[in-house]
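Student: Handing you a structure now.
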4 protein chains.
Amino acid sequence: MYEPRPEDRFTFGLWTVGNVGIDPFGFAVRPVQTPVALVELLAEVGAWGVNFHDNDLVPIDATPADRDRIVRDFRKALEKTGLVVPMATTDLFRDPVFRDGAFTNNDANVRAYAVQKTMRAIDLGVELGATTYVFWGGREGVESDASKDPLVALKHFRAALDFLCGYVVDKRYDLRFALEPKPNEPRGDMYLPTVGAMLAFIETLDKPDMVGVNPEVAHEQMSGLNFVHAVAQAWDRGKLFHIDLNDQWPGRYDQDLRFGSVNPKVAFFLVKFLEEVGYAGPRHFDARAYRTSDMDDIKAFARGCMRTYLILREKAKAFAADREIQQLLADIGGGANAASIGAYSTRSATDLDGRTFDRRALAERGRPYERLDQLVVELLLGVR
Amino acid sequence: MYEPRPEDRFTFGLWTVGNVGIDPFGFAVRPVQTPVALVELLAEVGAWGVNFHDNDLVPIDATPADRDRIVRDFRKALEKTGLVVPMATTDLFRDPVFRDGAFTNNDANVRAYAVQKTMRAIDLGVELGATTYVFWGGREGVESDASKDPLVALKHFRAALDFLCGYVVDKRYDLRFALEPKPNEPRGDMYLPTVGAMLAFIETLDKPDMVGVNPEVAHEQMSGLNFVHAVAQAWDRGKLFHIDLNDQWPGRYDQDLRFGSVNPKVAFFLVKFLEEVGYAGPRHFDARAYRTSDMDDIKAFARGCMRTYLILREKAKAFAADREIQQLLADIGGGANAASIGAYSTRSATDLDGRTFDRRALAERGRPYERLDQLVVELLLGVR
Amino acid sequence: MYEPRPEDRFTFGLWTVGNVGIDPFGFAVRPVQTPVALVELLAEVGAWGVNFHDNDLVPIDATPADRDRIVRDFRKALEKTGLVVPMATTDLFRDPVFRDGAFTNNDANVRAYAVQKTMRAIDLGVELGATTYVFWGGREGVESDASKDPLVALKHFRAALDFLCGYVVDKRYDLRFALEPKPNEPRGDMYLPTVGAMLAFIETLDKPDMVGVNPEVAHEQMSGLNFVHAVAQAWDRGKLFHIDLNDQWPGRYDQDLRFGSVNPKVAFFLVKFLEEVGYAGPRHFDARAYRTSDMDDIKAFARGCMRTYLILREKAKAFAADREIQQLLADIGGGANAASIGAYSTRSATDLDGRTFDRRALAERGRPYERLDQLVVELLLGVR
Amino acid sequence: MYEPRPEDRFTFGLWTVGNVGIDPFGFAVRPVQTPVALVELLAEVGAWGVNFHDNDLVPIDATPADRDRIVRDFRKALEKTGLVVPMATTDLFRDPVFRDGAFTNNDANVRAYAVQKTMRAIDLGVELGATTYVFWGGREGVESDASKDPLVALKHFRAALDFLCGYVVDKRYDLRFALEPKPNEPRGDMYLPTVGAMLAFIETLDKPDMVGVNPEVAHEQMSGLNFVHAVAQAWDRGKLFHIDLNDQWPGRYDQDLRFGSVNPKVAFFLVKFLEEVGYAGPRHFDARAYRTSDMDDIKAFARGCMRTYLILREKAKAFAADREIQQLLADIGGGANAASIGAYSTRSATDLDGRTFDRRALAERGRPYERLDQLVVELLLGVR
């Protein structure tokens with residue numbers, strides 16, 4: 001019942017199931033897997049697609065011959081398994097050259113190199129079928145605000161994206177950009193730290209229509225922000241081009257935990273939102289297994305991400321079908337007979353000015369939100 | 001040397017120096033002061049202006065006669081002291097009628113009442129000289145995401161602001177709107193929780209040009225976000241219409257502490273930014289004295305806010321005049337001779353594609369940011 | 001099936017279901033209820049007991065005659081409903097006299113008054129049957145570390161508790177003390193902010209045996225700490241004298257939300273722990289309904305706290321009975337045949353020194369924790 | 001004036017100035033330095049001592065001959081430079097064998113190996129002069145509370161420490177243990193997460209007198225807790241055996257920033273406390289330079305840590321010598337003539353019961369804490 005199917009559009013990055021377990025206090029605990037092996041693993045667990053950073057697939061120092069061989073092998077694995085590549089992205093953070101950022105680096109040569117590297121990575125992504133290209137500015141930030149002017153950083157960031165939009169259009173690629181915010185780590189503070197900041201930034205680009213966002217559960221929750229609200233704002237603007245699903249405790253290091261494993265209730269409202277608005281893009285799990293996991297447990301992790309999504313999708317349907325819940329929702333839309341203020345006109349303003357409100361009566365009316373929320377909890381816990 | 005002058009444009013809200021010390025665990029500890037007494041207090045400590053919520057000045061149940069008398073007395077106090085009213089706002093959170101929000105309330109009558117109340121509050125603000133009108137959506141949010149649809153909430157919020165923009169234009173008021181975000185408290189999660197979210201939201205309004213933001217130090221720092229970066233993004237968009245200065249520990253209840261009292265280094269970078277870009281609006285202190293303070297200590301608090309700003313302004317000048325710091329800043333603009341990528345064209349893309357970068361050489365170059373930041377610390381501590 | 005029974009030992013404070021909805025940004029939204037009415041409400045929803053601060057029951061300015069009448073009425077309500085009073089506490093934070101703390105106040109008169117008030121409140125609690133007496137130091141802290149010496153504050157805090165322990169022993173009361181930590185709010189920083197800090201502090205008292213802790217979910221989670229681990233440390237020391245159940249988002253203002261309503265998974269591990277170790281004290285809900293609730297919704301809130309506990313208790317039993325889970329748990333106790341290091345002796349040290357470990361083999365062994373945790377999630381969601 | 005001297009007892013770990021800049025999103029950016037080179041660097045910048053994890057000095061797979069050569073060279077470097085080794089510790093987190101913890105690992109063999117490794121590391125530390133031995137339980141925790149029983153984990157942790165205390169006594173080493181708490185990272189939740197938790201845990205050990213704490217600024221501030229209060233509680237118990245100085249934003253990944261670089265005001269109160277109580281142990285900087293730093297900047301970083309400490313030490317003296325500040329402090333010790341409650345006796349209780357307090361008069365008295373705190377800010381900023 002909770003087995004993933006292609007139409008569920010579940011994807012994983014090569015870097016997720018391929019994570020070897022390096023962290024700030026420890027070495028790798030698992031062997032490096034080839035991209036082909038990872039594609040096979042993802043096929044085995046039932047994923048629909050696979051995403052990658054350029055250097056997840058092709059090492060940064062690969063020769064052209066190496067590159068071609070790797071891409072050929074990868075493509076064969078895709079064909080064999082039926083997996084697709086809906087999204088690709090650039091690694092602009094792992095190599096030491098990016099130690100002070102890529103697009104916002106103080107060094108013009110590094111900024112130019114970052115754009116060049118991204119152009120080539122876009123080519124690679126498109127070659128393999130990607131229609132969404134993600135930007136996560138892994139090191140676009142500072143530890144000390146003395147070291148960069150934030151206005152100059154925004155200018156540099158914008159220049160790079162405008163250039164790359166031009167490139168995609170010029171190449172007639174069928175590709176949209178999705179910007180992914182994160183508040184901190186690995187930098188002290190990263191620019192454009194939230195979904196909201198990215199949405200506002202997009203409006204300042206030359207070609208805002210081809211740029212949207214890739215919100216990630218963990219990144220918004222690190223700051224303690226409500227992820228569903230952020231996704232809703234992106235959706236409201238038509239900018240939800242992609243989404244990164246995982247889980248995270250607020251106020252901590254970036255955890256990238258199994259979807260729904262920290263807080264199933266938050267995950268429920270997210271799945272409910274995505275399903276109800278009809279989000280049709282990939283459900284991408286940007287998560288990784290615990291460092292204690294072996295390969296079997298990595299499979300359990302990947303299956304768990306998808307199963308929890310599917311279970312919660314059923315819960316969302318049950319919510320919609322629950323009479324008591326739906327009755328409560330109908331009841332709380334109070335003042336249903338009230339005149340709307342409508343659009344502004346001198347007339348509507350005069351009308352509104354002339355209305356008399358019984359403030360105390362309106363104030364007294366309580367709302368059954370505890371009852372409603374408790375029904376949600378019980379629905380989630382499977383006892384109704 | 002650090003005495004406030006009118007050209008410093010320091011303002012306080014009536015609710016700041018007039019705060020009586022109610023908190024979730026305790027009653028008032030200080031007597032209510034009349035608006036006139038508060039204006040006199042602000043004049044005594046050297047403020048330039050005073051701001052208010054409608055009901056800070058005129059009680060919600062005041063008769064028209066009461067209103068007129070209060071306004072007359074207040075105006076007299078302004079004239080006597082020379083204080084101005086650059087900003088006004090609406091109390092849409094204190095009365096029980098707003099227990100579930102104002103513009104995003106589920107009850108259409110409450111939404112309409114909130115707009116009506118704001119129209120009248122705008123009239124009052126304009127009457128007293130305000131040219132900026134702030135919106136802080138004190139209860140526009142939820143505790144349970146079951147209780148409101150976030151898309152509908154955005155729609156309601158937008159409808160209210162569009163209506164009110166229409167009203168201001170229709171009335172030919174010289175007034176701009178400034179939206180003030182806050183992530184939580186008193187609601188579990190509030191909509192449009194960050195400066196970025198507000199900037200993005202503004203783009204969806206009918207009259208985006210007349211709407212900007214009013215960032216508050218405490219509200220952004222509650223989420224652990226870098227406040228200077230948020231202000232920089234607002235400035236970059238031409239949207240820094242107003243600013244609320246105070247201080248706050250990350251990850252806590254809303255503290256509204258004396259400006260610079262939690263972290264003088266953060267305050268330094270903020271003052272430096274505002275002064276260097278030439279922000280010409282009010283420096284509004286939305287802070288309140290500790291609950292332990294008596295009236296003398298409230299004055300010390302208000303003076304402290306302004307003194308710290310002025311001290312830090314001097315530090316910003318010293319930073320600009322410090323040869324060692326300026327030399328370091330010049331040095332870190334590395335690759336100064338590098339060709340910029342410029343605007344996109346097929347030609348510039350070809351040029352960039354053809355460039356060869358010595359990645360390892362670029363990577364090896366360290367940055368003297370520890371040295372630079374330590375110089376800032378020593379400048380702040382007054383030992384250089 | 002999930003109806004509360006007396007043997008479940010569910011209790012609420014008068015201040016929880018009686019909360020009128022004051023917050024830092026708003027007035028009361030609900031009428032004050034008499035203690036008798038609140039006892040009746042608690043009886044109606046199925047609680048076993050009721051707790052109070054002295055001034056929840058008897059106003060601070062009550063005459064002796066008032067006090068006697070109130071106590072008599074309250075006792076009658078208890079007798080009529082069968083509710084018991086297992087715990088009482090002192091309000092040392094609401095009155096302005098405590099604006100700078102009670103036991104750690106800089107003013108010796110306030111410190112003395114706080115102890116006197118507590119002695120009388122202890123008398124009241126014992127008179128009504130309380131066997132646990134809670135101390136929450138609501139204002140024992142600072143906003144500025146210049147204002148109090150933390151060593152002197154600890155000394156004062158200790159002196160007060162030692163005095164009060166002496167009082168209880170002298171009066172031959174059957175009463176134990178439970179200290180309740182909180183990191184901040186309403187003070188910037190409160191002393192002894194965590195369960196750990198309180199446990200360590202207890203060791204410095206004259207009569208440590210009669211003093212334990214009262215951990216509260218929200219207070220530990222405000223700091224992002226793992227509540228179950230804190231409770232486990234208290235239990236390990238025999239110090240879990242009482243517990244406050246509610247819910248809270250990390251890194252926010254004190255929310256006191258319905259038990260299990262923020263994160264049912266965290267609540268599950270807590271209930272599982274309490275039930276498995278055999279905690280026999282009250283399950284006290286120190287929570288309050290949303291400010292949007294009316295009296296009906298307050299009942300739904302109170303019922304919800306208890307129902308969620310009971311549902312999770314069933315889940316804990318299901319966890320213990322789940323073969324797949326139990327098999328995994330058995331498997332992860334690896335090295336079961338390994339010799340324990342045992343207690344130290346020269347001989348055991350020599351033995352250990354002589355052992356050879358195959359570090360790489362030990363390192364390679366993965367742990368099926370993703371699989372295990374996913375089973376927990378599915379058990380919680382009711383799909384296994 | 002702010003040059004470090006041996007009597008300042010400034011120390012650094014080999015891992016701090018030797019940090020190569022690996023983080024979760026990037027590779028090393030700086031070459032590995034030999035221990036000898038690092039000792040020379042520390043001597044050059046003026047440090048008094050150097051600390052190490054066993055494997056900072058001797059690689060985990062070194063042969064006995066390697067070990068001896070390394071130790072000989074290191075000792076020579078110490079002799080040449082005059083640096084001392086006041087503290088040593090064990091690396092129980094970097095090798096994959098510890099992926100699920102060391103002393104609390106579910107595998108008895110790993111637990112035994114961890115104790116054996118620590119015994120040998122203690123030998124190494126003592127051989128080089130260490131008198132304090134630090135325990136940081138880098139991976140003693142969980143991501144899922146299903147995976148370990150927290151009571152069993154405490155039992156295992158205790159057994160390891162009791163064994164190692166026995167070892168030190170048996171060997172007649174002049175060595176004390178200092179336990180270092182951390183709330184999370186690299187594990188989701190780590191056991192005994194705060195200074196308070198560690199202090200309480202120590203009381204449960206066989207030989208509590210030889211065990212104290214090693215509080216770290218960053219680790220306590222990650223949870224948003226007041227570090228000075230934690231240090232004060234440790235001092236109050238006679239348990240401040242060592243201290244780790246650095247800096248950290250609350251609610252983020254472990255940053256280990258330059259001392260005083262995030263918040264100089266917090267650092268001031270810490271230095272003031274340490275100097276005023278007469279803490280005589282090492283001032284250990286457990287910090288690392290930004291990943292953007294080259295070796296020159298690492299020296300600037302190390303010098304900055306020490307300079308800031310010395311500057312703040314002068315500020316603490318200035319605070320003590322400031323008449324206005326001292327007068328305020330004298331004034332706030334209100335009720336100086338009030339009778340203390342004294343120790344408990346039936347008589348003192350009767351006396352206290354008989355006292356009459358004018359609650360309203362006591363409540364009205366405000367406290368000049370804003371004024372006092374502003375004086376601190378101005379003293380810090382060097383303008384008084």
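Lettering and numbering for the structure tokens are positional, with chains as A, B, ... in the shown order, residues counted from 1 in each chain, and ligands counted from 1 in the shown order.
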Using only C-alpha atoms, what table do you get, as a Markdown table, when you list each residue of chain B with an atom no more than 7 Å from chain C, its nearest pair of atoms, and their distance in Å rounded to one decimal, rows by chain then rising number?
Tutor:
| residue | atom | partner | partner_atom | distance |
| --- | --- | --- | --- | --- |
| B:Ile22 | CA | C:Pro24 | CA | 6.7 |
| B:Asp23 | CA | C:Pro24 | CA | 5.1 |
| B:Pro24 | CA | C:Asp23 | CA | 5.1 |
| B:Phe25 | CA | C:Arg94 | CA | 5.5 |
| B:Gly26 | CA | C:Arg94 | CA | 3.9 |
| B:Phe27 | CA | C:Arg94 | CA | 6.0 |
| B:Val29 | CA | C:Pro96 | CA | 5.3 |
| B:Phe93 | CA | C:Gly26 | CA | 6.3 |
| B:Arg94 | CA | C:Gly26 | CA | 3.9 |
| B:Asp95 | CA | C:Gly26 | CA | 6.3 |
| B:Pro96 | CA | C:Val29 | CA | 5.3 |
| B:Arg99 | CA | C:Thr292 | CA | 5.8 |
| B:Asp100 | CA | C:Thr292 | CA | 6.1 |
| B:Glu185 | CA | C:Tyr253 | CA | 6.8 |
| B:Pro186 | CA | C:Phe25 | CA | 6.8 |
| B:Gly251 | CA | C:Gly251 | CA | 4.2 |
| B:Arg252 | CA | C:Arg252 | CA | 5.0 |
| B:Tyr253 | CA | C:Tyr253 | CA | 4.1 |
| B:Arg291 | CA | C:Arg99 | CA | 6.6 |
| B:Thr292 | CA | C:Arg99 | CA | 5.8 |
Student: Need the shell around region 192-200 of chain D: protein/DNA/RNA residues with any atom at most 7 Å away, counting only C-alpha atoms. Skip same-chain ones fewer than 3 positions apart. Format as a list of chain:residue names?
Tutor: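 Returned residues: C:Gly196, C:Ala197, C:Leu199, C:Ala200, D:Leu179, D:Pro181, D:Lys182, D:Pro183, D:Glu203, D:Pro215, D:Glu220, D:Ala230.
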Student: Go ahead and write the residues just picked, C-alpha atoms, as a PDB file, in the first residue's frame.
Tutor:
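Below you can see out-v3.pdb, which holds the result:
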ATOM      1  CA  GLY C 196      20.983  19.114  35.259  1.00  0.00           C
ATOM      2  CA  ALA C 197      21.758  22.408  36.971  1.00  0.00           C
ATOM      3  CA  LEU C 199      20.190  18.249  40.227  1.00  0.00           C
ATOM      4  CA  ALA C 200      23.691  19.554  40.868  1.00  0.00           C
TER       5      ALA C 200
ATOM      6  CA  LEU D 179      34.213  16.540  31.931  1.00  0.00           C
ATOM      7  CA  PRO D 181      29.470  18.806  28.055  1.00  0.00           C
ATOM      8  CA  LYS D 182      27.982  19.597  24.670  1.00  0.00           C
ATOM      9  CA  PRO D 183      24.312  19.438  23.702  1.00  0.00           C
ATOM     10  CA  GLU D 203      28.108  13.277  42.271  1.00  0.00           C
ATOM     11  CA  PRO D 215      32.968  24.228  30.436  1.00  0.00           C
ATOM     12  CA  GLU D 220      26.734  26.208  26.445  1.00  0.00           C
ATOM     13  CA  ALA D 230      27.223  27.861  34.292  1.00  0.00           C
TER      14      ALA D 230
END
Student: DSSP on the backbone, then: every residue of region 114-236 of chain C marked alpha helix (DSSP H), written as a PyMOL selection string.
Tutor: chain C and resi 114-127+150-170+195-202+217-222+227-236
Student: So which residues touch Asp145 (chain A) within 12 Å, counting only C-alpha atoms, skipping near sequence neighbours fewer than 2 positions away, as a PyMOL selection string?
Tutor: (chain A and resi 141-143+147-151+153+187-191) or (chain B and resi 226-229+232+265-270+272-273+329+369-370+372-374+376-377) or (chain D and resi 261-262)
Student: Apply DSSP to the structure's backbone, then extract all residues of region 242-330 of chain B labelled strand (DSSP E or B) and return them as a PyMOL selection string.
Tutor: chain B and resi 244-245+247+257+283-285
Student: Please provide as a ChimeraX atom specification all residues within 12 Å of Ala339 (chain B), with the sequence filter that same-chain residues fewer than 5 positions apart are discarded (counting only C-alpha atoms).
Tutor: /A:107-113 /B:334,348,351-352,355
Student: Kindly export the residues of the current selection with N, CA and C atoms, as a short mmCIF file (atom, residue, chain, number, x, y, z; two decimals), in the first residue's frame.
Tutor:
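Once written, selection_8.cif looks like this:
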data_model
loop_
_atom_site.label_atom_id
_atom_site.label_comp_id
_atom_site.auth_asym_id
_atom_site.auth_seq_id
_atom_site.Cartn_x
_atom_site.Cartn_y
_atom_site.Cartn_z
N ASP A 107 37.15 37.66 -4.75
CA ASP A 107 38.12 37.55 -5.85
C ASP A 107 37.36 37.37 -7.19
N ALA A 108 37.55 38.33 -8.09
CA ALA A 108 36.82 38.30 -9.36
C ALA A 108 37.14 37.05 -10.16
N ASN A 109 38.34 36.53 -10.02
CA ASN A 109 38.68 35.31 -10.75
C ASN A 109 37.87 34.12 -10.25
N VAL A 110 37.69 34.05 -8.97
CA VAL A 110 36.89 32.94 -8.43
C VAL A 110 35.44 33.09 -8.88
N ARG A 111 34.95 34.32 -8.86
CA ARG A 111 33.57 34.52 -9.32
C ARG A 111 33.42 34.07 -10.79
N ALA A 112 34.38 34.43 -11.61
CA ALA A 112 34.31 34.05 -13.02
C ALA A 112 34.43 32.53 -13.18
N TYR A 113 35.35 31.94 -12.41
CA TYR A 113 35.50 30.49 -12.48
C TYR A 113 34.21 29.78 -12.07
N GLY B 334 40.54 40.88 -4.04
CA GLY B 334 41.54 40.19 -4.88
C GLY B 334 41.09 40.06 -6.32
N SER B 348 30.36 37.09 -24.65
CA SER B 348 30.96 37.06 -23.31
C SER B 348 30.97 35.63 -22.76
N ASP B 351 33.89 33.94 -24.39
CA ASP B 351 35.12 34.42 -23.74
C ASP B 351 35.34 33.70 -22.41
N LEU B 352 34.26 33.66 -21.64
CA LEU B 352 34.39 33.05 -20.32
C LEU B 352 34.72 31.57 -20.46
N ARG B 355 38.40 30.94 -20.91
CA ARG B 355 39.40 31.31 -19.91
C ARG B 355 39.88 30.09 -19.13
#
Student: Env of Leu14 (chain A): 7 Å cut, atoms = only C-alpha atoms, seq-sep filter 2 positions within chain, self excluded. Answer as a ChimeraX atom specification.
Tutor: /A:12,16-18,35,38,50-52,56
Student: To one decimal place in Å, what is the distance between CA of Asp353 (chain B) and CA of Ala121 (chain A)?
Tutor: 12.1 Å
Student: Could you check how far CA of Asp247 (chain C) sits from CA of Phe301 (chain C), in Å to one decimal?
Tutor: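 Separating CA of Asp247 (chain C) from CA of Phe301 (chain C) is a distance of 12.5 Å.
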Student: Which residues are close to Val211 (chain B), i.e. within 8 Å by only C-alpha atoms, leaving aside same-chain residues fewer than 2 positions away? Reply as a PDB file with N, CA, C and O atoms, in the first residue's frame.
Tutor:
ATOM      1  N   ARG B 176       3.573  56.627   3.349  1.00  0.00           N
ATOM      2  CA  ARG B 176       4.036  55.339   2.825  1.00  0.00           C
ATOM      3  C   ARG B 176       3.828  54.265   3.888  1.00  0.00           C
ATOM      4  O   ARG B 176       3.877  54.540   5.092  1.00  0.00           O
ATOM      5  N   PHE B 177       3.672  53.050   3.445  1.00  0.00           N
ATOM      6  CA  PHE B 177       3.475  51.937   4.373  1.00  0.00           C
ATOM      7  C   PHE B 177       4.797  51.206   4.592  1.00  0.00           C
ATOM      8  O   PHE B 177       5.584  51.028   3.649  1.00  0.00           O
ATOM      9  N   ALA B 178       5.007  50.759   5.825  1.00  0.00           N
ATOM     10  CA  ALA B 178       6.196  49.947   6.138  1.00  0.00           C
ATOM     11  C   ALA B 178       5.746  48.705   6.896  1.00  0.00           C
ATOM     12  O   ALA B 178       5.171  48.812   7.981  1.00  0.00           O
ATOM     13  N   LEU B 179       5.984  47.546   6.292  1.00  0.00           N
ATOM     14  CA  LEU B 179       5.539  46.277   6.885  1.00  0.00           C
ATOM     15  C   LEU B 179       6.631  45.731   7.810  1.00  0.00           C
ATOM     16  O   LEU B 179       7.801  45.699   7.444  1.00  0.00           O
ATOM     17  N   ILE B 202       5.451  42.203  -0.852  1.00  0.00           N
ATOM     18  CA  ILE B 202       5.166  43.548  -1.375  1.00  0.00           C
ATOM     19  C   ILE B 202       5.015  43.523  -2.899  1.00  0.00           C
ATOM     20  O   ILE B 202       4.176  44.229  -3.461  1.00  0.00           O
ATOM     21  N   LYS B 207      -0.059  48.230  -5.350  1.00  0.00           N
ATOM     22  CA  LYS B 207       0.751  49.440  -5.415  1.00  0.00           C
ATOM     23  C   LYS B 207       2.058  49.213  -4.662  1.00  0.00           C
ATOM     24  O   LYS B 207       2.291  49.817  -3.608  1.00  0.00           O
ATOM     25  N   PRO B 208       2.902  48.371  -5.216  1.00  0.00           N
ATOM     26  CA  PRO B 208       4.140  48.016  -4.482  1.00  0.00           C
ATOM     27  C   PRO B 208       5.027  49.220  -4.184  1.00  0.00           C
ATOM     28  O   PRO B 208       5.758  49.202  -3.195  1.00  0.00           O
ATOM     29  N   ASP B 209       4.939  50.255  -4.992  1.00  0.00           N
ATOM     30  CA  ASP B 209       5.856  51.374  -4.789  1.00  0.00           C
ATOM     31  C   ASP B 209       5.645  52.110  -3.476  1.00  0.00           C
ATOM     32  O   ASP B 209       6.575  52.694  -2.936  1.00  0.00           O
ATOM     33  N   VAL B 213       9.466  48.211   4.033  1.00  0.00           N
ATOM     34  CA  VAL B 213       9.538  47.421   5.271  1.00  0.00           C
ATOM     35  C   VAL B 213      10.033  48.256   6.446  1.00  0.00           C
ATOM     36  O   VAL B 213      10.672  49.293   6.269  1.00  0.00           O
ATOM     37  N   LYS B 239      13.612  49.726  -0.254  1.00  0.00           N
ATOM     38  CA  LYS B 239      12.434  49.481   0.577  1.00  0.00           C
ATOM     39  C   LYS B 239      12.656  49.727   2.070  1.00  0.00           C
ATOM     40  O   LYS B 239      11.797  49.353   2.881  1.00  0.00           O
TER      41      LYS B 239
END
Student: With only C-alpha atoms as the counted atoms, please give the residues lying no more than 12 Å from Asp170 (chain D), apart from itself and same-chain residues fewer than 6 positions off, as a JSON list (two decimals) with N, CA and C atoms, in the first residue's frame.
Tutor:
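Once everything was written out, this is around-v5.json:
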[["chain", "number", "residue", "atom", "x", "y", "z"],
["C", 344, "TYR", "N", 37.09, -1.44, 38.59],
["C", 344, "TYR", "CA", 38.54, -1.29, 38.50],
["C", 344, "TYR", "C", 39.27, -2.08, 39.57],
["C", 345, "SER", "N", 40.34, -2.74, 39.10],
["C", 345, "SER", "CA", 41.33, -3.31, 40.02],
["C", 345, "SER", "C", 42.62, -3.36, 39.21],
["C", 346, "THR", "N", 43.71, -3.47, 39.86],
["C", 346, "THR", "CA", 44.97, -3.56, 39.12],
["C", 346, "THR", "C", 44.87, -4.72, 38.13],
["C", 347, "ARG", "N", 44.25, -5.79, 38.59],
["C", 347, "ARG", "CA", 44.09, -6.97, 37.77],
["C", 347, "ARG", "C", 43.20, -6.70, 36.54],
["C", 348, "SER", "N", 42.05, -6.05, 36.76],
["C", 348, "SER", "CA", 41.17, -5.83, 35.62],
["C", 348, "SER", "C", 41.80, -4.85, 34.63],
["C", 349, "ALA", "N", 42.61, -3.93, 35.14],
["C", 349, "ALA", "CA", 43.32, -3.01, 34.25],
["C", 349, "ALA", "C", 44.35, -3.76, 33.42],
["C", 350, "THR", "N", 45.04, -4.64, 34.04],
["C", 350, "THR", "CA", 46.04, -5.44, 33.31],
["C", 350, "THR", "C", 45.34, -6.29, 32.24],
["D", 119, "MET", "N", 43.22, 4.76, 28.73],
["D", 119, "MET", "CA", 44.31, 4.47, 29.67],
["D", 119, "MET", "C", 45.67, 4.82, 29.04],
["D", 163, "PHE", "N", 36.19, 3.36, 36.31],
["D", 163, "PHE", "CA", 37.34, 2.52, 36.00],
["D", 163, "PHE", "C", 38.59, 3.39, 35.80],
["D", 164, "LEU", "N", 38.43, 4.46, 35.07],
["D", 164, "LEU", "CA", 39.59, 5.32, 34.74],
["D", 164, "LEU", "C", 40.06, 6.10, 35.96]]
Student: Work out how far apart CA of Leu225 (chain C) and CA of Trp136 (chain D) are and give it in Å to one decimal.
Tutor: 17.6 Å
